[in-house]
>>> print(open('my_file-v2.cif').read())   # mmCIF, C-alpha atoms
data_query
#
loop_
_atom_site.label_atom_id
_atom_site.label_comp_id
_atom_site.auth_asym_id
_atom_site.auth_seq_id
_atom_site.Cartn_x
_atom_site.Cartn_y
_atom_site.Cartn_z
CA MET A 1 -22.97 5.32 61.78
CA SER A 2 -20.86 8.44 62.26
CA SER A 3 -18.09 7.58 64.71
CA PRO A 4 -14.40 6.61 64.69
CA ASP A 5 -15.55 3.09 63.85
CA ARG A 6 -16.98 4.40 60.59
CA LEU A 7 -13.62 5.88 59.60
CA VAL A 8 -11.91 2.58 60.44
CA GLU A 9 -14.48 0.76 58.28
CA ILE A 10 -13.96 3.10 55.32
CA LEU A 11 -10.17 2.81 55.45
CA TYR A 12 -10.30 -0.98 55.90
CA ASN A 13 -12.68 -1.41 52.96
CA LYS A 14 -10.37 0.72 50.78
CA GLY A 15 -7.37 -1.41 51.74
CA GLU A 16 -5.70 1.67 53.25
CA LEU A 17 -5.53 0.64 56.92
CA PRO A 18 -2.32 -1.16 58.00
CA PRO A 19 -2.95 -3.44 60.98
CA GLU A 20 -0.38 -1.61 63.11
CA TRP A 21 -2.30 1.65 62.75
CA ALA A 22 -5.86 0.31 63.14
CA PRO A 23 -5.95 0.66 66.97
CA THR A 24 -4.77 4.27 66.74
CA VAL A 25 -7.26 5.29 64.04
CA GLY A 26 -10.06 3.77 66.09
CA ALA A 27 -8.96 5.29 69.39
CA VAL A 28 -8.17 8.87 68.30
CA ASP A 29 -11.48 10.59 67.66
CA ARG A 30 -11.12 12.93 64.66
CA ALA A 31 -13.99 15.03 66.01
CA HIS A 32 -11.62 16.44 68.66
CA PHE A 33 -9.56 18.03 65.87
CA VAL A 34 -12.27 19.50 63.65
CA PRO A 35 -13.89 22.92 64.23
CA ASP A 36 -17.63 23.47 64.16
CA THR A 37 -17.35 24.90 60.63
CA PHE A 38 -15.03 23.72 57.88
CA GLU A 39 -14.90 23.36 54.11
CA VAL A 40 -14.90 20.12 52.16
CA ALA A 41 -15.17 19.66 48.39
CA ASP A 42 -15.77 23.44 47.91
CA ARG A 43 -18.71 23.63 50.29
CA THR A 44 -19.10 24.76 53.89
CA VAL A 45 -20.21 22.27 56.53
CA SER A 46 -21.58 23.66 59.78
CA ARG A 47 -22.25 21.64 62.91
CA SER A 48 -24.94 24.03 64.09
CA ALA A 49 -26.76 23.84 60.74
CA ASP A 50 -26.61 20.05 60.29
CA GLU A 51 -24.81 17.99 62.91
CA ALA A 52 -25.49 14.69 61.15
CA GLU A 53 -23.78 15.95 57.99
CA TRP A 54 -20.95 17.44 60.05
CA ARG A 55 -20.30 14.07 61.69
CA ARG A 56 -20.55 12.21 58.40
CA MET A 57 -17.82 14.40 56.92
CA VAL A 58 -15.65 14.24 60.05
CA TYR A 59 -15.46 10.45 59.73
CA ALA A 60 -15.06 10.46 55.95
CA ASP A 61 -11.77 9.82 54.15
CA LEU A 62 -11.60 13.42 52.99
CA PRO A 63 -9.43 16.46 53.74
CA LEU A 64 -11.26 19.12 55.75
CA ILE A 65 -10.11 22.72 55.24
CA THR A 66 -10.00 24.57 58.56
CA GLN A 67 -8.21 27.84 57.67
CA HIS A 68 -7.74 30.13 54.68
CA ASN A 69 -5.17 32.87 54.04
CA ASP A 70 -3.33 32.29 57.34
CA GLY A 71 -6.53 33.18 59.18
CA ARG A 72 -6.44 36.78 57.92
CA ARG A 73 -8.56 36.75 54.78
CA THR A 74 -9.76 40.16 53.60
CA ALA A 75 -12.68 41.07 51.32
CA GLY A 76 -11.93 40.52 47.65
CA GLU A 77 -8.79 38.49 48.33
CA VAL A 78 -8.36 35.11 46.63
CA ALA A 79 -9.05 32.36 49.15
CA PHE A 80 -6.32 29.77 49.43
CA PRO A 81 -6.25 27.04 52.09
CA THR A 82 -3.60 27.27 54.80
CA CYS A 83 -4.65 24.56 57.25
CA SER A 84 -6.60 21.34 57.14
CA THR A 85 -7.05 18.03 58.82
CA SER A 86 -5.59 15.88 56.10
CA MET A 87 -7.19 12.98 54.25
CA PRO A 88 -6.74 10.00 56.63
CA SER A 89 -5.64 7.56 53.92
CA LEU A 90 -2.94 10.03 52.86
CA MET A 91 -1.87 10.39 56.49
CA LEU A 92 -1.52 6.60 56.68
CA ALA A 93 0.64 6.60 53.55
CA MET A 94 3.01 9.00 55.34
CA ALA A 95 2.79 7.13 58.62
CA ALA A 96 4.08 3.99 56.89
CA VAL A 97 7.66 5.17 57.58
CA VAL A 98 7.05 5.05 61.36
CA ARG A 99 8.14 2.04 63.44
CA ASP A 100 7.40 1.22 67.07
CA GLY A 101 9.95 2.87 69.31
CA ASP A 102 10.74 5.70 66.89
CA THR A 103 11.23 9.28 67.98
CA VAL A 104 9.43 11.55 65.50
CA LEU A 105 9.38 15.24 64.66
CA GLU A 106 6.29 16.43 62.83
CA VAL A 107 6.68 19.76 61.02
CA GLY A 108 3.29 21.46 60.69
CA THR A 109 1.01 20.63 63.62
CA GLY A 110 -2.12 22.05 62.00
CA THR A 111 -5.14 20.83 63.91
CA GLY A 112 -3.05 18.30 65.85
CA TYR A 113 -4.72 15.19 64.39
CA HIS A 114 -1.58 13.65 62.89
CA ALA A 115 0.42 14.45 66.01
CA ALA A 116 -2.29 12.71 68.00
CA TRP A 117 -1.86 9.54 65.94
CA LEU A 118 1.89 9.64 66.52
CA ALA A 119 1.52 10.27 70.26
CA HIS A 120 -1.03 7.47 70.63
CA ARG A 121 1.19 4.89 68.96
CA LEU A 122 4.64 6.04 70.06
CA GLY A 123 3.91 7.94 73.26
CA GLY A 124 3.97 11.66 73.93
CA ASP A 125 7.60 11.56 75.05
CA ARG A 126 8.68 10.25 71.62
CA THR A 127 6.55 12.70 69.62
CA THR A 128 7.49 16.31 68.91
CA THR A 129 5.41 18.63 66.73
CA ILE A 130 6.09 22.22 65.67
CA GLU A 131 3.73 24.83 64.20
CA THR A 132 4.67 28.29 62.93
CA ASP A 133 1.19 29.83 63.38
CA ARG A 134 0.58 30.80 67.01
CA ASP A 135 -3.20 30.56 66.72
CA LEU A 136 -3.03 27.11 65.14
CA HIS A 137 -0.49 25.99 67.73
CA ASP A 138 -2.81 27.01 70.56
CA ILE A 139 -5.84 25.36 68.95
CA ALA A 140 -3.91 22.14 68.33
CA ARG A 141 -2.62 22.03 71.89
CA ASP A 142 -6.19 22.37 73.19
CA ASN A 143 -7.39 19.68 70.77
CA LEU A 144 -4.67 17.29 71.91
CA THR A 145 -5.46 17.92 75.57
CA ARG A 146 -9.16 17.26 74.88
CA ALA A 147 -8.17 13.95 73.29
CA GLY A 148 -6.02 13.03 76.30
CA LEU A 149 -2.76 13.01 74.31
CA HIS A 150 0.37 14.95 75.19
CA PRO A 151 3.13 15.15 72.57
CA HIS A 152 5.78 17.83 72.98
CA THR A 153 4.42 20.89 71.15
CA GLU A 154 6.46 23.85 69.90
CA CYS A 155 5.53 27.12 68.22
CA GLY A 156 8.25 28.32 65.88
CA ASP A 157 9.95 27.95 62.52
CA GLY A 158 9.46 24.34 61.50
CA LEU A 159 12.14 24.64 58.82
CA ALA A 160 14.64 25.06 61.66
CA GLY A 161 13.41 21.89 63.34
CA VAL A 162 13.61 21.42 67.10
CA PRO A 163 17.31 20.91 67.85
CA ALA A 164 16.79 20.61 71.60
CA ARG A 165 14.74 17.43 71.03
CA ALA A 166 17.00 15.90 68.36
CA PRO A 167 18.02 13.43 67.11
CA PHE A 168 14.86 12.03 65.54
CA ASP A 169 14.42 8.68 63.85
CA ARG A 170 11.83 10.23 61.55
CA ILE A 171 11.06 13.78 60.46
CA ILE A 172 7.66 14.03 58.79
CA ALA A 173 6.48 17.31 57.27
CA THR A 174 2.79 17.92 56.68
CA CYS A 175 3.52 20.98 54.53
CA THR A 176 5.06 21.28 51.08
CA VAL A 177 8.63 22.56 50.74
CA ARG A 178 10.65 23.46 47.65
CA ASP A 179 14.00 23.29 49.48
CA ILE A 180 14.60 20.72 52.20
CA PRO A 181 16.34 22.45 55.12
CA TYR A 182 19.71 21.08 56.09
CA ALA A 183 18.61 21.54 59.72
CA TRP A 184 16.37 18.52 59.20
CA VAL A 185 19.31 16.46 58.02
CA GLU A 186 21.36 17.53 61.03
CA GLN A 187 18.54 16.56 63.40
CA THR A 188 17.86 13.12 61.90
CA ALA A 189 19.62 10.11 63.43
CA PRO A 190 21.96 8.10 61.18
CA GLY A 191 19.84 5.77 59.07
CA GLY A 192 16.76 7.83 59.84
CA THR A 193 14.13 9.10 57.41
CA ILE A 194 12.89 12.48 56.23
CA LEU A 195 9.49 12.44 54.51
CA THR A 196 7.99 15.62 53.11
CA PRO A 197 5.68 16.84 50.37
CA TRP A 198 8.02 18.50 47.88
CA GLY A 199 7.91 20.51 44.69
CA SER A 200 8.03 23.85 42.97
CA SER A 201 5.44 26.44 42.04
CA PHE A 202 5.04 24.63 38.71
CA HIS A 203 4.48 21.16 40.19
CA SER A 204 4.18 20.45 43.92
CA TYR A 205 2.61 16.99 44.00
CA SER A 206 5.38 14.64 45.15
CA PHE A 207 6.62 13.03 48.32
CA ALA A 208 10.37 13.17 48.83
CA THR A 209 11.57 10.32 51.02
CA LEU A 210 15.22 10.55 52.08
CA THR A 211 17.58 8.47 54.21
CA VAL A 212 20.22 10.26 56.27
CA ARG A 213 23.79 8.99 56.48
CA ASP A 214 27.14 10.69 57.01
CA GLY A 215 25.72 14.20 57.09
CA ARG A 216 23.76 13.92 53.86
CA ALA A 217 20.25 12.85 52.88
CA THR A 218 19.43 11.00 49.66
CA GLY A 219 16.19 9.67 48.29
CA GLY A 220 13.53 9.73 45.60
CA PHE A 221 10.01 10.81 44.74
CA SER A 222 6.61 9.12 44.85
CA GLY A 223 2.89 9.65 45.39
CA ARG A 224 0.63 12.54 44.48
CA PRO A 225 0.05 14.48 47.70
CA ALA A 226 -1.62 17.87 47.91
CA PHE A 227 -0.58 19.77 51.03
CA MET A 228 -0.46 23.37 52.17
CA TRP A 229 2.85 25.13 51.54
CA ALA A 230 5.39 25.89 54.25
CA ARG A 231 4.77 29.61 54.62
CA GLN A 232 8.43 30.51 54.22
CA GLN A 233 8.58 28.86 50.77
CA ARG A 234 5.04 29.34 49.48
CA ARG A 235 4.14 29.95 45.83
CA SER A 236 2.08 32.97 44.78
CA TYR A 237 -1.71 32.98 44.53
CA GLY A 238 -4.09 35.28 42.74
CA ARG A 239 -6.46 35.91 39.86
CA ILE A 240 -5.53 36.45 36.22
CA ARG A 241 -6.14 40.18 36.68
CA ASP A 242 -3.40 40.32 39.31
CA TRP A 243 -0.89 39.71 36.49
CA TYR A 244 -2.71 40.70 33.30
CA HIS A 245 -3.90 44.30 32.98
CA GLY A 246 -4.72 44.45 29.28
CA GLU A 247 -1.11 44.80 28.14
CA GLU A 248 -0.07 43.72 24.66
CA GLY A 249 2.58 41.04 24.85
CA ASP A 250 5.08 39.73 22.33
CA HIS A 251 3.56 37.26 19.86
CA SER A 252 4.96 34.02 18.45
CA THR A 253 3.82 30.48 17.70
CA THR A 254 4.79 27.01 18.89
CA THR A 255 4.21 23.44 17.77
CA LEU A 256 4.11 22.24 21.38
CA ASP A 257 0.56 21.37 22.38
CA PRO A 258 0.14 23.06 25.79
CA ARG A 259 -2.06 20.20 26.96
CA ALA A 260 1.06 17.99 27.02
CA LEU A 261 2.28 20.13 29.91
CA GLU A 262 -1.04 19.91 31.71
CA ASP A 263 -1.80 16.23 31.26
CA ASP A 264 1.57 14.53 31.81
CA PRO A 265 2.63 14.56 35.50
CA HIS A 266 6.15 13.37 34.59
CA ALA A 267 6.55 16.29 32.20
CA ARG A 268 5.23 18.74 34.80
CA PHE A 269 7.64 17.37 37.40
CA ALA A 270 10.60 17.72 35.02
CA VAL A 271 9.65 21.24 33.90
CA GLY A 272 9.19 22.20 37.55
CA LEU A 273 12.81 21.31 38.23
CA ARG A 274 13.94 24.02 35.81
CA VAL A 275 11.11 26.55 36.19
CA ARG A 276 10.60 26.59 39.93
CA ASP A 277 9.05 30.02 40.45
CA ALA A 278 6.17 30.12 37.97
CA TRP A 279 2.92 28.19 37.72
CA PRO A 280 0.34 27.23 35.08
CA LEU A 281 -3.43 27.60 34.80
CA LEU A 282 -5.44 25.94 32.03
CA CYS A 283 -8.71 27.76 31.28
CA HIS A 284 -11.18 25.94 29.03
CA ALA A 285 -13.46 27.95 26.77
CA ASP A 286 -17.10 27.99 27.87
CA ASP A 287 -18.60 27.85 24.36
CA GLY A 288 -18.26 24.14 23.64
CA SER A 289 -15.36 24.71 21.23
CA ASP A 290 -12.86 22.60 23.25
CA GLU A 291 -10.46 25.52 22.93
CA ALA A 292 -8.36 26.50 25.93
CA THR A 293 -5.92 29.13 27.12
CA TYR A 294 -2.85 27.93 29.00
CA TRP A 295 -1.64 30.72 31.29
CA LEU A 296 1.73 31.02 33.02
CA PHE A 297 2.36 33.37 35.97
CA ASP A 298 5.59 34.10 37.83
CA ASP A 299 5.68 34.28 41.62
CA ALA A 300 7.05 37.84 41.52
CA ARG A 301 3.97 39.07 39.59
CA THR A 302 6.10 40.67 36.89
CA SER A 303 5.49 38.37 33.92
CA TRP A 304 2.78 36.31 32.26
CA ALA A 305 2.36 34.21 29.13
CA THR A 306 -0.43 32.46 27.24
CA ALA A 307 -0.61 29.57 24.80
CA GLU A 308 -3.86 29.25 22.84
CA TYR A 309 -4.98 25.68 22.14
CA VAL A 310 -7.37 25.17 19.22
CA PRO A 311 -8.45 21.62 18.25
CA GLY A 312 -7.07 20.39 14.95
CA HIS A 313 -4.30 23.00 14.74
CA ALA A 314 -0.64 22.09 14.49
CA ALA A 315 0.63 25.48 15.67
CA TYR A 316 -0.49 27.48 18.69
CA ASP A 317 -0.36 31.23 19.31
CA ILE A 318 1.91 32.41 22.13
CA GLU A 319 1.85 35.79 23.90
CA GLN A 320 4.39 36.79 26.54
CA HIS A 321 4.73 39.91 28.65
CA GLY A 322 7.17 41.14 31.26
CA PRO A 323 10.90 40.80 31.89
CA ARG A 324 10.72 37.02 31.64
CA ARG A 325 9.64 34.92 28.67
CA LEU A 326 7.79 32.30 30.67
CA TRP A 327 6.59 30.24 27.73
CA ASP A 328 10.10 30.09 26.29
CA GLU A 329 11.43 28.91 29.67
CA VAL A 330 8.77 26.23 29.99
CA GLU A 331 9.04 24.99 26.42
CA SER A 332 12.84 24.83 26.69
CA ALA A 333 12.56 22.78 29.90
CA TYR A 334 10.02 20.45 28.30
CA ARG A 335 12.11 19.84 25.20
CA ALA A 336 15.22 19.21 27.33
CA TRP A 337 13.25 16.53 29.19
CA ARG A 338 12.18 14.97 25.90
CA THR A 339 15.79 14.97 24.69
CA GLN A 340 16.69 13.02 27.83
CA GLY A 341 14.18 10.33 26.81
CA SER A 342 11.23 11.60 28.89
CA PRO A 343 12.37 9.93 32.13
CA PRO A 344 9.59 9.30 34.65
CA ARG A 345 9.65 11.00 38.02
CA ASP A 346 10.81 7.90 39.90
CA ARG A 347 14.11 7.99 37.98
CA TYR A 348 15.14 11.22 39.68
CA ARG A 349 17.14 11.33 42.92
CA ILE A 350 17.39 14.11 45.48
CA THR A 351 20.42 14.84 47.64
CA VAL A 352 20.61 17.35 50.49
CA THR A 353 23.97 18.38 51.98
CA ALA A 354 25.31 21.39 53.84
CA ASP A 355 25.92 22.93 50.42
CA GLY A 356 22.24 22.74 49.42
CA GLN A 357 19.76 20.57 47.53
CA ARG A 358 20.34 18.84 44.21
CA VAL A 359 17.98 16.78 42.01
CA SER A 360 19.47 14.63 39.25
CA LEU A 361 18.92 11.54 37.15
#
>>> encode(input="my_file-v2.cif", output="structure tokens")
Amino acid sequence: MSSPDRLVEILYNKGELPPEWAPTVGAVDRAHFVPDTFEVADRTVSRSADEAEWRRMVYADLPLITQHNDGRRTAGEVAFPTCSTSMPSLMLAMAAVVRDGDTVLEVGTGTGYHAAWLAHRLGGDRTTTIETDRDLHDIARDNLTRAGLHPHTECGDGLAGVPARAPFDRIIATCTVRDIPYAWVEQTAPGGTILTPWGSSFHSYSFATLTVRDGRATGGFSGRPAFMWARQQRRSYGRIRDWYHGEEGDHSTTTLDPRALEDDPHARFAVGLRVRDAWPLLCHADDGSDEATYWLFDDARTSWATAEYVPGHAAYDIEQHGPRRLWDEVESAYRAWRTQGSPPRDRYRITVTADGQRVSL
């Protein structure tokens, strides 16, 4: 069975389908929002090649990648996803903030599937969605029309919101931001909610959920979402050779096992608060040695660092190159977090005012 009923069954069996959303999930056919070719789990699925497999994936609880590199990928360029129809169970986790009668702004229309859910439950007049990519906006609008749903659609800068349609009871972003725009706070009704994937280049796997009162938004962090970046705030992408060109860096050693940074999400979150514009990559050796190289790259492509993990060693070789000492920055942030008692992510609070964004314990 490959139909909307199959998706309902999967979500129900996983305990992920709230009763108030079950009619919407069953009524809004995901097939209207999925192109004939997409990627899932690092493989390409084509409707013309295998329609049965295409339909099985459409009604699976999986994210389906529908665009790479803003739709302008060139030969030899690293492929990074820039649009998808999100994993339905993750969409439901976000939709939990919605109540009947709400007016909602969705930032990041994408394929239009999430906007369709909102329009089906709340009505098109209470649903506004904005997309920065003109091609995606046009595709989503056609998808929504095909599904018989008519939210208010805008093409423009989602970080600026849609002031003409404000205030909103809920603003829900389907893209990751590193700085929550104050425009969203201004356009949220008193007591309303802002929900967005949030993070830094170092760690971008958190939901920030904020309540708006008296011109400020406050909240906390939860979940482990993986969403495309808002294009205005996106981290860098590339291969090792885009940073490393055979240069000799400065050498030192450390007693900090680099795997502690990779394996502990609370540590990564805390380091990401201090080192917001660099990101890690752990590369395991392919010779069965269990050795690994932990790379750090800055978004500006001016600096890199490595930490060499060798099993059984108490000290690890460090090499750093460029105007920044990325390993020193990361290790300093990690040790500051440890000095604070290694607080978990849910201890941190975020506040957004006209003066900017602040995260504190």
>>> residues_around(input="my_file-v2.cif", residues="Trp337 (chain A)", least_positions_apart="5", cutoff="10 Å", atoms="only C-alpha atoms", output="PDB file with C-alpha atoms, in the coordinates of the input")
ATOM      1  CA  HIS A 266       6.150  13.370  34.590  1.00  0.00           C
ATOM      2  CA  ALA A 267       6.550  16.290  32.200  1.00  0.00           C
ATOM      3  CA  PHE A 269       7.640  17.370  37.400  1.00  0.00           C
ATOM      4  CA  ALA A 270      10.600  17.720  35.020  1.00  0.00           C
ATOM      5  CA  VAL A 271       9.650  21.240  33.900  1.00  0.00           C
ATOM      6  CA  GLU A 331       9.040  24.990  26.420  1.00  0.00           C
ATOM      7  CA  SER A 332      12.840  24.830  26.690  1.00  0.00           C
ATOM      8  CA  SER A 342      11.230  11.600  28.890  1.00  0.00           C
ATOM      9  CA  PRO A 343      12.370   9.930  32.130  1.00  0.00           C
ATOM     10  CA  PRO A 344       9.590   9.300  34.650  1.00  0.00           C
TER      11      PRO A 344
END
>>> residues_around(input="my_file-v2.cif", residues="Ile171 (chain A)", least_positions_apart="2", cutoff="6 Å", atoms="only C-alpha atoms", output="count of residues only")
4
>>> residues_near_point(input="my_file-v2.cif", point="(7.3, 9.9, 52.9)", cutoff="6 Å", atoms="all atoms listed in the file", output="ChimeraX atom specification")
/A:94,195-196,207,209
>>> atom_distance(input="my_file-v2.cif", atom1="CA of Ala31 (chain A)", atom2="CA of Asn13 (chain A)")
21.0 Å
>>> residues_around(input="my_file-v2.cif", residues="Cys283 (chain A)", least_positions_apart="3", cutoff="10 Å", atoms="only C-alpha atoms", output="tab-separated table (two decimals) with C-alpha atoms, keeping the file's coordinate frame")
chain	number	residue	atom	x	y	z
A	280	PRO	CA	0.34	27.23	35.08
A	286	ASP	CA	-17.10	27.99	27.87
A	291	GLU	CA	-10.46	25.52	22.93
A	292	ALA	CA	-8.36	26.50	25.93
A	293	THR	CA	-5.92	29.13	27.12
A	294	TYR	CA	-2.85	27.93	29.00
A	295	TRP	CA	-1.64	30.72	31.29
A	308	GLU	CA	-3.86	29.25	22.84
>>> build_atoms(input="my_file-v2.cif", residues="region 68-78 of chain A", atoms="all heavy atoms", output="PDB file, keeping the file's coordinate frame")
ATOM      1  N   HIS A  68      -8.150  29.522  55.942  1.00  0.00           N
ATOM      2  CA  HIS A  68      -7.740  30.130  54.680  1.00  0.00           C
ATOM      3  C   HIS A  68      -6.875  31.355  54.951  1.00  0.00           C
ATOM      4  O   HIS A  68      -7.056  32.042  55.966  1.00  0.00           O
ATOM      5  CB  HIS A  68      -8.962  30.562  53.851  1.00  0.00           C
ATOM      6  CG  HIS A  68      -9.746  29.425  53.269  1.00  0.00           C
ATOM      7  ND1 HIS A  68     -10.732  28.780  53.985  1.00  0.00           N
ATOM      8  CD2 HIS A  68      -9.684  28.804  52.050  1.00  0.00           C
ATOM      9  CE1 HIS A  68     -11.265  27.822  53.233  1.00  0.00           C
ATOM     10  NE2 HIS A  68     -10.647  27.814  52.059  1.00  0.00           N
ATOM     11  N   ASN A  69      -5.928  31.611  54.049  1.00  0.00           N
ATOM     12  CA  ASN A  69      -5.170  32.870  54.040  1.00  0.00           C
ATOM     13  C   ASN A  69      -4.539  33.175  55.412  1.00  0.00           C
ATOM     14  O   ASN A  69      -4.566  34.313  55.884  1.00  0.00           O
ATOM     15  CB  ASN A  69      -6.055  34.027  53.596  1.00  0.00           C
ATOM     16  CG  ASN A  69      -6.643  33.815  52.216  1.00  0.00           C
ATOM     17  OD1 ASN A  69      -7.400  32.861  52.000  1.00  0.00           O
ATOM     18  ND2 ASN A  69      -6.308  34.680  51.284  1.00  0.00           N
ATOM     19  N   ASP A  70      -3.996  32.149  56.040  1.00  0.00           N
ATOM     20  CA  ASP A  70      -3.330  32.290  57.340  1.00  0.00           C
ATOM     21  C   ASP A  70      -4.258  32.840  58.408  1.00  0.00           C
ATOM     22  O   ASP A  70      -3.800  33.424  59.406  1.00  0.00           O
ATOM     23  CB  ASP A  70      -2.088  33.189  57.225  1.00  0.00           C
ATOM     24  CG  ASP A  70      -1.085  32.680  56.207  1.00  0.00           C
ATOM     25  OD1 ASP A  70      -1.060  31.458  55.958  1.00  0.00           O
ATOM     26  OD2 ASP A  70      -0.327  33.505  55.655  1.00  0.00           O
ATOM     27  N   GLY A  71      -5.560  32.692  58.209  1.00  0.00           N
ATOM     28  CA  GLY A  71      -6.530  33.180  59.180  1.00  0.00           C
ATOM     29  C   GLY A  71      -6.789  34.659  59.106  1.00  0.00           C
ATOM     30  O   GLY A  71      -7.459  35.223  59.977  1.00  0.00           O
ATOM     31  N   ARG A  72      -6.297  35.314  58.030  1.00  0.00           N
ATOM     32  CA  ARG A  72      -6.440  36.780  57.920  1.00  0.00           C
ATOM     33  C   ARG A  72      -6.990  37.165  56.558  1.00  0.00           C
ATOM     34  O   ARG A  72      -6.536  38.121  55.934  1.00  0.00           O
ATOM     35  CB  ARG A  72      -5.085  37.453  58.155  1.00  0.00           C
ATOM     36  CG  ARG A  72      -4.514  37.223  59.537  1.00  0.00           C
ATOM     37  CD  ARG A  72      -3.243  38.017  59.750  1.00  0.00           C
ATOM     38  NE  ARG A  72      -2.180  37.536  58.895  1.00  0.00           N
ATOM     39  CZ  ARG A  72      -1.354  36.542  59.213  1.00  0.00           C
ATOM     40  NH1 ARG A  72      -1.496  35.908  60.367  1.00  0.00           N
ATOM     41  NH2 ARG A  72      -0.379  36.174  58.379  1.00  0.00           N
ATOM     42  N   ARG A  73      -7.989  36.477  56.093  1.00  0.00           N
ATOM     43  CA  ARG A  73      -8.560  36.750  54.780  1.00  0.00           C
ATOM     44  C   ARG A  73      -9.298  38.078  54.786  1.00  0.00           C
ATOM     45  O   ARG A  73     -10.044  38.397  55.714  1.00  0.00           O
ATOM     46  CB  ARG A  73      -9.519  35.619  54.391  1.00  0.00           C
ATOM     47  CG  ARG A  73     -10.097  35.748  52.992  1.00  0.00           C
ATOM     48  CD  ARG A  73     -11.003  34.561  52.693  1.00  0.00           C
ATOM     49  NE  ARG A  73     -11.654  34.701  51.404  1.00  0.00           N
ATOM     50  CZ  ARG A  73     -12.591  33.864  50.960  1.00  0.00           C
ATOM     51  NH1 ARG A  73     -12.963  32.840  51.696  1.00  0.00           N
ATOM     52  NH2 ARG A  73     -13.155  34.058  49.785  1.00  0.00           N
ATOM     53  N   THR A  74      -9.086  38.878  53.731  1.00  0.00           N
ATOM     54  CA  THR A  74      -9.760  40.160  53.600  1.00  0.00           C
ATOM     55  C   THR A  74     -10.718  40.117  52.403  1.00  0.00           C
ATOM     56  O   THR A  74     -10.581  39.281  51.510  1.00  0.00           O
ATOM     57  CB  THR A  74      -8.754  41.295  53.399  1.00  0.00           C
ATOM     58  OG1 THR A  74      -7.973  41.031  52.219  1.00  0.00           O
ATOM     59  CG2 THR A  74      -7.829  41.409  54.599  1.00  0.00           C
ATOM     60  N   ALA A  75     -11.675  41.032  52.377  1.00  0.00           N
ATOM     61  CA  ALA A  75     -12.680  41.070  51.320  1.00  0.00           C
ATOM     62  C   ALA A  75     -12.004  41.241  49.960  1.00  0.00           C
ATOM     63  O   ALA A  75     -11.111  42.081  49.789  1.00  0.00           O
ATOM     64  CB  ALA A  75     -13.656  42.215  51.572  1.00  0.00           C
ATOM     65  N   GLY A  76     -12.442  40.436  48.999  1.00  0.00           N
ATOM     66  CA  GLY A  76     -11.930  40.520  47.650  1.00  0.00           C
ATOM     67  C   GLY A  76     -10.651  39.745  47.415  1.00  0.00           C
ATOM     68  O   GLY A  76     -10.195  39.631  46.272  1.00  0.00           O
ATOM     69  N   GLU A  77     -10.044  39.230  48.469  1.00  0.00           N
ATOM     70  CA  GLU A  77      -8.790  38.490  48.330  1.00  0.00           C
ATOM     71  C   GLU A  77      -9.089  37.053  47.896  1.00  0.00           C
ATOM     72  O   GLU A  77     -10.075  36.454  48.306  1.00  0.00           O
ATOM     73  CB  GLU A  77      -8.056  38.471  49.678  1.00  0.00           C
ATOM     74  CG  GLU A  77      -6.676  37.865  49.624  1.00  0.00           C
ATOM     75  CD  GLU A  77      -5.976  37.924  50.978  1.00  0.00           C
ATOM     76  OE1 GLU A  77      -6.650  38.224  51.976  1.00  0.00           O
ATOM     77  OE2 GLU A  77      -4.757  37.670  51.035  1.00  0.00           O
ATOM     78  N   VAL A  78      -8.220  36.506  47.040  1.00  0.00           N
ATOM     79  CA  VAL A  78      -8.360  35.110  46.630  1.00  0.00           C
ATOM     80  C   VAL A  78      -8.207  34.214  47.844  1.00  0.00           C
ATOM     81  O   VAL A  78      -7.258  34.369  48.633  1.00  0.00           O
ATOM     82  CB  VAL A  78      -7.317  34.751  45.569  1.00  0.00           C
ATOM     83  CG1 VAL A  78      -7.317  33.256  45.296  1.00  0.00           C
ATOM     84  CG2 VAL A  78      -7.593  35.514  44.285  1.00  0.00           C
TER      85      VAL A  78
END
